[in-house]
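First comes the structure, then the notes that go with it.
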Amino acid sequence: MVIVKSMSRRIMPFGICALLLLAGPLRAAEPARIPYEFIYQVQQREAALTRTYTNLIMYLRLKSSLPEVKTGDLKIYIDSKGGRIPVTLDTNGTFAVPMLESLLEEKAWLVSNQPKGTMNFNWYVGLVVSEVPTNGIHYGSLMRPLKDLEVIRSQMVPGLASPTNQALRLKYAKDKEGIVVIHAKSGDKVYKTDAAHTVAIPWEPALLEEDPEISIPIPPEKVDVVTEE
């Protein structure tokens, strides 16, 4: 599960992939690096998906697997024939590279100042969601972001297995007790806030087919997607 916080927008985040940056035997003389072409392709897919999903949020992140190495200690650059091209990391380690075909042609590398096998590369995808209606919404509409994220997931990483457990999680302020009622044919299914002040609505194919109406008396403060591989 990956959570992306936002002060002004509700976001349904989803961790698409986590790859150890060219993991291998630790050699102090060898820096961790990753092909520029790979990052280029990820950003290219992002641009293509953005044309279909206008509410898409995506970012790439680099961080060390060593607890003593902080983001501020990292130096990243593209090792090109014309010289080093610095890559800026923000405080969370997120970054983007320039999209240059010339760097593809020369098979450039993204290089760090850290030893090989000690860097993690991640990319994350989320969807900005509108306000959740308190009345009149149906199960299929409420859970649509989960379906959209499955499509995005399959396009980003073809052949990747679907998570075994998925849910939509509604987050409430500590002074509010949230409740969600699914008015199924077999009877009302009631979900209440837990100790973390969240209400988790599970993804159930049978409910998706039935598409019952849902009551949400109190709008949540934030919504995200819960997945377990």
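In the structure tokens, chains take the letters A, B, ... in the order shown, each chain's residues start at 1, and ligands count up from 1 in the order shown.
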Write out as a ChimeraX atom specification each polymer residue whose atoms come within 7 Å of segment 170-186 of chain A, counting only C-alpha atoms; drop sequence neighbours fewer than 5 positions from it. /A:191-193,197-200,212-218,220-224
Test item: residues at most 12 Å from segment 66-68 of chain A, only C-alpha atoms, excluding those fewer than 3 positions along its chain, as a VMD selection string: chain A and resid 63 71 to 74 114 to 120
Hey, what's within 6 Å of segment 78-95 of chain A if we count only C-alpha atoms and toss same-chain stuff fewer than 2 positions away? As a PDB file with C-alpha atoms, in the first residue's frame, please?
```pdb
ATOM      1  CA  LEU A  60       9.278   8.238  -9.881  1.00  0.00           C
ATOM      2  CA  ARG A  61      11.423   7.972  -6.774  1.00  0.00           C
ATOM      3  CA  LEU A  62      14.963   6.942  -5.895  1.00  0.00           C
ATOM      4  CA  THR A  71      17.861  11.713   0.294  1.00  0.00           C
ATOM      5  CA  ILE A  76      22.120  11.517  -9.507  1.00  0.00           C
ATOM      6  CA  ALA A 108      23.108   6.549 -21.638  1.00  0.00           C
ATOM      7  CA  TRP A 109      22.870   5.560 -17.982  1.00  0.00           C
ATOM      8  CA  LEU A 110      21.330   7.165 -14.924  1.00  0.00           C
TER       9      LEU A 110
END
```
DSSP-assigned strand (DSSP E or B) members of segment 96-196 of chain A, reported as number ranges by chain: A: 109-115, 119-129, 137-138, 165-171, 179-184, 187-192
How many Å separate atom CA of Gln166 of chain A from atom CA of Arg144 of chain A? 12.2 Å
Atomic distance atom CA of Glu30 of chain A - atom CA of Tyr124 of chain A, expressed in Å with one decimal: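 A separation of 27.6 Å between them.
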Between A:Ile137, A:Ile201, A:Ala167, A:Val125, single out the one closest to Asn55 of chain A, counting only C-alpha atoms.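 Of the candidates, the smallest distance to Asn55 of chain A is held by A:Val125.
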Write out as a list in words all residues of segment 23-116 of chain A that DSSP puts in helix (DSSP H, G or I) for this structure's backbone. Tyr36, Glu37, Phe38, Ile39, Tyr40, Gln41, Val42, Gln43, Gln44, Arg45, Glu46, Ala47, Ala48, Leu49, Thr50, Arg51, Thr52, Thr71, Gly72, Asp73, Glu101, Ser102, Leu103, Leu104 and Glu105 of chain A
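What separates atom CA of Val42 of chain A from atom CA of Asn113 of chain A is a distance of 22.4 Å.
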